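Q: Following this line is coords.txt, made up of compact mmCIF, C-alpha atoms:
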```
# COMPACT_ATOMS: atom_id res chain seq x y z
CA ARG A 1 -10.61 157.48 27.41
CA THR A 2 -6.90 157.30 28.23
CA MET A 3 -7.65 157.57 31.96
CA VAL A 4 -10.37 154.91 31.67
CA ASN A 5 -7.93 152.59 29.94
CA GLN A 6 -5.30 153.21 32.62
CA VAL A 7 -7.78 152.46 35.38
CA ALA A 8 -8.87 149.27 33.63
CA VAL A 9 -5.28 148.12 33.20
CA PHE A 10 -4.52 149.02 36.81
CA ALA A 11 -7.57 147.10 38.05
CA ALA A 12 -6.55 144.02 36.10
CA SER A 13 -2.95 144.30 37.26
CA LEU A 14 -4.10 144.82 40.84
CA ALA A 15 -6.25 141.69 40.71
CA VAL A 16 -3.32 139.61 39.49
CA ALA A 17 -0.91 141.19 41.96
CA SER A 18 -3.34 140.79 44.87
CA ALA A 19 -3.72 137.06 44.29
CA ILE A 20 0.04 136.57 44.01
CA PHE A 21 0.78 138.83 47.00
CA ALA A 22 -1.72 137.02 49.23
CA ALA A 23 -0.35 133.63 48.22
CA HIS A 24 3.25 134.58 49.02
CA SER A 25 2.84 136.86 52.02
CA GLY A 26 2.33 135.11 55.35
CA PHE A 27 2.67 138.30 57.36
CA THR A 28 -0.71 139.48 56.08
CA LEU A 29 -2.35 136.77 58.17
CA THR A 30 -1.16 137.96 61.58
CA PRO A 31 -3.48 140.24 63.58
CA LYS A 32 -1.68 142.77 65.75
CA PRO A 33 -2.80 144.90 68.69
CA ARG A 34 -2.33 148.66 68.69
CA THR A 35 1.21 149.80 68.04
CA LYS A 36 2.77 152.48 70.22
CA LEU A 37 4.92 154.85 68.22
CA HIS A 38 7.25 157.16 70.09
CA GLY A 39 9.43 158.88 67.52
CA PRO A 40 11.78 156.27 66.08
CA VAL A 41 10.72 153.57 68.58
CA PHE A 42 8.07 151.04 67.49
CA ASP A 43 6.44 148.76 70.07
CA SER A 44 3.76 146.40 68.81
CA GLY A 45 2.66 145.39 72.30
CA HIS A 46 3.01 141.70 71.41
CA GLY A 47 6.72 141.12 71.86
CA TYR A 48 7.98 142.88 68.75
CA ARG A 49 9.92 146.14 68.87
CA PHE A 50 12.28 148.07 66.69
CA THR A 51 14.22 151.31 67.01
CA TRP A 52 15.38 153.39 64.05
CA THR A 53 18.60 155.39 63.90
CA ASP A 54 20.05 157.33 60.97
CA THR A 55 23.84 157.26 60.79
CA THR A 56 26.39 158.58 58.31
CA SER A 57 28.99 156.35 56.67
CA ALA A 58 32.62 157.32 56.15
CA ALA A 59 31.69 158.15 52.56
CA GLY A 60 29.03 160.59 53.76
CA GLU A 61 26.12 158.31 52.86
CA THR A 62 23.08 158.18 55.14
CA VAL A 63 22.53 154.67 56.48
CA GLY A 64 19.36 153.63 58.31
CA VAL A 65 19.93 151.17 61.16
CA MET A 66 16.92 149.33 62.57
CA HIS A 67 17.47 147.45 65.83
CA VAL A 68 14.86 144.68 66.02
CA GLU A 69 13.81 142.66 69.06
CA ARG A 70 11.32 139.80 69.13
CA ASP A 71 10.54 137.95 72.34
CA ALA A 72 10.71 134.15 72.48
CA GLY A 73 7.55 132.40 71.36
CA THR A 74 6.05 135.38 69.56
CA GLU A 75 4.94 135.21 65.97
CA GLY A 76 4.44 137.84 63.31
CA THR A 77 6.35 139.38 60.47
CA LEU A 78 9.59 137.55 61.33
CA ALA A 79 8.18 134.24 62.58
CA GLY A 80 8.78 131.12 60.51
CA LYS A 81 9.79 130.95 56.86
CA HIS A 82 6.23 130.90 55.56
CA ASN A 83 5.12 133.71 57.86
CA GLY A 84 7.81 136.17 56.88
CA PRO A 85 7.50 138.93 54.31
CA PRO A 86 7.08 137.77 50.72
CA LEU A 87 10.17 137.13 48.65
CA HIS A 88 11.13 140.58 47.41
CA GLU A 89 13.92 142.79 46.16
CA HIS A 90 14.98 146.32 47.02
CA LEU A 91 15.54 148.18 43.78
CA THR A 92 17.75 150.93 45.17
CA GLN A 93 19.11 149.72 48.53
CA GLU A 94 21.28 147.10 50.18
CA GLU A 95 20.23 145.45 53.45
CA CYS A 96 22.79 144.05 55.89
CA PHE A 97 21.78 141.83 58.83
CA THR A 98 23.74 141.32 62.05
CA VAL A 99 22.29 138.98 64.70
CA HIS A 100 23.06 139.61 68.38
CA GLU A 101 20.82 136.89 69.86
CA GLY A 102 18.79 134.02 68.40
CA VAL A 103 18.71 132.64 64.85
CA LEU A 104 17.65 134.52 61.73
CA GLY A 105 16.67 132.42 58.73
CA TYR A 106 16.95 133.90 55.28
CA THR A 107 16.59 133.19 51.60
CA LEU A 108 19.05 135.01 49.37
CA ASN A 109 19.09 134.56 45.61
CA GLY A 110 17.28 131.22 45.85
CA LYS A 111 19.38 129.72 48.66
CA ASP A 112 18.35 129.32 52.31
CA GLY A 113 20.68 130.06 55.20
CA GLN A 114 20.87 130.85 58.91
CA LEU A 115 22.55 133.73 60.67
CA ARG A 116 23.73 133.52 64.29
CA PRO A 117 25.71 135.96 66.47
CA ALA A 118 29.01 134.24 65.64
CA ASP A 119 28.42 134.51 61.88
CA GLY A 120 29.01 138.23 61.50
CA THR A 121 27.01 140.21 58.95
CA VAL A 122 25.18 139.05 55.82
CA CYS A 123 24.30 141.65 53.18
CA HIS A 124 21.48 141.37 50.65
CA PRO A 125 22.46 143.49 47.62
CA LYS A 126 19.94 145.67 45.85
CA GLY A 127 18.11 143.89 43.04
CA VAL A 128 18.55 140.44 44.62
CA GLU A 129 15.48 138.49 45.76
CA HIS A 130 15.41 137.69 49.47
CA THR A 131 13.34 137.31 52.61
CA VAL A 132 14.02 136.75 56.32
CA TRP A 133 12.31 135.07 59.28
CA ASN A 134 12.79 134.09 62.93
CA ASP A 135 14.21 130.56 62.74
CA ASP A 136 14.03 129.72 66.46
CA LEU A 137 10.83 130.66 68.27
CA THR A 138 12.19 129.31 71.57
CA SER A 139 14.80 132.07 71.79
CA LYS A 140 14.64 135.84 71.75
CA LEU A 141 15.73 137.36 68.47
CA ARG A 142 17.82 140.55 68.46
CA LEU A 143 19.38 141.93 65.31
CA ASP A 144 20.43 145.08 63.51
CA VAL A 145 19.38 145.79 59.94
CA ALA A 146 21.50 148.38 58.14
CA ILE A 147 19.88 149.86 55.03
CA ARG A 148 22.03 151.85 52.63
CA PRO A 149 21.26 154.36 51.41
CA ALA A 150 18.55 154.99 54.02
CA GLY A 151 16.24 156.72 51.55
CA ASN A 152 12.65 156.60 52.77
CA SER A 153 12.98 153.24 54.57
CA TYR A 154 11.95 154.72 57.90
CA ASP A 155 8.63 155.82 56.38
CA PHE A 156 8.26 152.47 54.60
CA PHE A 157 8.54 150.36 57.76
CA ARG A 158 6.58 152.86 59.85
CA THR A 159 3.77 152.80 57.31
CA LEU A 160 3.49 149.02 57.12
CA GLU A 161 3.44 148.69 60.90
CA GLY A 162 1.02 151.59 61.21
CA PHE A 163 -1.40 150.20 58.63
CA SER A 164 -1.32 146.77 60.20
CA THR A 165 -2.08 147.95 63.71
CA ASP A 166 -4.52 150.73 62.80
CA GLU A 167 -6.65 148.24 60.89
CA GLY A 168 -6.22 145.38 63.39
CA SER A 169 -4.60 143.14 60.76
CA MET A 170 -2.72 143.54 57.51
CA THR A 171 -5.55 141.63 55.82
CA ASN A 172 -7.82 144.61 56.50
CA VAL A 173 -5.55 146.99 54.61
CA SER A 174 -6.52 147.46 50.97
CA MET A 175 -4.20 145.80 48.49
CA LEU A 176 -4.07 149.09 46.60
CA ARG A 177 -2.52 150.83 49.61
CA LEU A 178 -0.07 148.01 50.29
CA LEU A 179 1.16 147.87 46.71
CA THR A 180 1.40 151.66 46.58
CA VAL A 181 3.58 151.65 49.70
CA PHE A 182 5.79 148.91 48.24
CA VAL A 183 6.22 150.95 45.06
CA GLN A 184 6.92 154.11 47.04
CA GLY A 185 9.56 152.24 49.04
CA SER A 186 11.15 150.85 45.84
CA VAL A 187 10.43 147.30 46.95
CA LYS A 188 9.26 144.80 44.31
CA VAL A 189 7.42 141.60 45.20
CA ALA A 190 9.36 138.87 43.42
CA ALA A 191 6.37 136.71 42.48
CA ILE A 192 4.63 139.48 40.53
CA PRO A 193 5.72 139.39 36.87
CA ALA A 194 7.79 142.35 35.72
CA PRO A 195 5.24 143.59 33.12
CA VAL A 196 2.47 143.61 35.75
CA TRP A 197 4.74 145.33 38.25
CA ALA A 198 5.66 147.98 35.68
CA VAL A 199 1.99 148.92 35.28
CA ILE A 200 1.45 148.96 39.04
CA ASP A 201 4.59 151.04 39.53
CA PHE A 202 3.55 153.67 36.99
CA LEU A 203 -0.02 154.06 38.18
CA ALA A 204 0.90 153.92 41.87
CA ARG A 205 3.41 156.75 41.48
CA TRP A 206 1.28 158.94 39.22
CA VAL A 207 -2.25 158.17 40.47
CA ALA A 208 -2.32 156.48 43.90
CA VAL A 209 0.41 158.51 45.65
CA PRO A 210 -0.91 161.92 44.48
CA VAL A 211 -4.37 161.11 45.89
CA GLY A 212 -2.94 160.19 49.29
CA LEU A 213 -2.64 156.39 49.20
CA GLY A 214 1.07 156.31 49.97
CA PHE A 215 3.00 157.15 53.14
CA PRO A 216 0.79 159.14 55.55
CA ASP A 217 2.16 162.23 57.27
CA ALA A 218 1.36 160.89 60.74
CA TYR A 219 -0.50 158.18 62.65
CA THR A 220 -2.99 160.00 64.81
CA LYS A 221 -4.52 156.77 66.12
CA HIS A 222 -1.38 155.80 68.04
```
Would you kindly transcribe this structure into structure tokens?

A:
Amino acid sequence: RTMVNQVAVFAASLAVASAIFAAHSGFTLTPKPRTKLHGPVFDSGHGYRFTWTDTTSAAGETVGVMHVERDAGTEGTLAGKHNGPPLHEHLTQEECFTVHEGVLGYTLNGKDGQLRPADGTVCHPKGVEHTVWNDDLTSKLRLDVAIRPAGNSYDFFRTLEGFSTDEGSMTNVSMLRLLTVFVQGSVKVAAIPAPVWAVIDFLARWVAVPVGLGFPDAYTKH
């Protein structure tokens, strides 16, 4: 009976979370062609690429650095404020953005801003709601994203890109898998109420991940 009750609560929470997630997540609406994965290099085939490198800080902390490139005129997960990832927070990590070319738009703690090459680096502390997007589709966007500590961020981003391209579109990926990956990556969707997220977090970690709905070991389709 306890398991039945947990499943019922999870189903109700998932329904609420799914509606909120869909309403706040423009990137789920963008179909993508097959992604080519070559080790740490991701190439979507539609003008979006990123390369992952693990580095070590002076304090001995592992920092993940993702170099992102998006060609001019392309749309997707970083294209336009309403087509970026949903407003979210990283529960255990800080993200720092440095733009080398183009304009990155961002929302940080309720305030919008722009980041250009001359502006240096902007850091989004852990636990602070934020999102980012390409704010100038007429120019190529090149930036570095430093994530500290690196944790499992490589698997998190690899999984989202892999799901999206394997299924042809993020909309074809089950909400259960998406939410499980967000939980596994310690990323909370800001619009989902804390009590609902707590239920999703618990059941994702103790039910969904053990049965294989989290990060896959490999992407054999690529």

Q: Between A:Val183, A:Leu213, A:Val173, A:Leu87, single out the one closest to Asp201 in chain A, counting only C-alpha atoms.

A: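 Closest residue, counting only C-alpha atoms: A:Val183.
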
Q: From the options A:Val99, A:Ala194, A:Leu160, A:Val128, which residue's atoms come nearest to Arg116 in chain A, counting only C-alpha atoms?

A: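 Result for the nearest residue to Arg116 in chain A: A:Val99.
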
Q: Place a sphere of radius 10 Å on (16.8, 129.0, 58.2) in the file coordinates and name every protein, DNA or RNA residue with an atom inside or on its surface, counting all atoms listed in the file; give the answer as an MDAnalysis selection string.

A: chainID A and resid 80:81 103:107 111:115 132:136

Q: Quick check, in Å to one decimal: how far apart do CA of Trp52 in chain A and CA of Thr92 in chain A lie?

A: 19.2 Å

Q: Pick from A:Phe50, A:Lys188, A:Leu176, A:Thr55: nearest to Pro85 in chain A, with only C-alpha atoms counted?

A: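 Ranking A:Phe50, A:Lys188, A:Leu176, A:Thr55 by distance to Pro85 in chain A, first place goes to A:Lys188.
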
Q: Measure the distance from CA of Ala118 in chain A to CA of Ser139 in chain A in Å and round it to one decimal.

A: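 Those two atoms sit 15.6 Å apart.
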
Q: If you measure from CA of Thr131 in chain A to CA of Pro86 in chain A, what distance in Å do you get, rounded to one decimal?

A: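 Separation of CA of Thr131 in chain A and CA of Pro86 in chain A: 6.6 Å.
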
Q: From the list A:Asp144, A:Glu129, A:Glu101, A:Asp166, which residue is nearest Asp71 in chain A when using only C-alpha atoms?

A: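 Going through A:Asp144, A:Glu129, A:Glu101, A:Asp166 one by one, the smallest distance to Asp71 in chain A is for A:Glu101.
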
Q: Can you tell me, as lines of an AutoDock Vina configuration file, the centre and edge lengths (Å, one decimal) of the axis-aligned box enclosing all of range 203-216 of chain A's listed atoms after padding each side by 3 Å?

A:
```
center_x = -0.5
center_y = 157.9
center_z = 46.9
size_x = 13.8
size_y = 14.0
size_z = 23.4
```
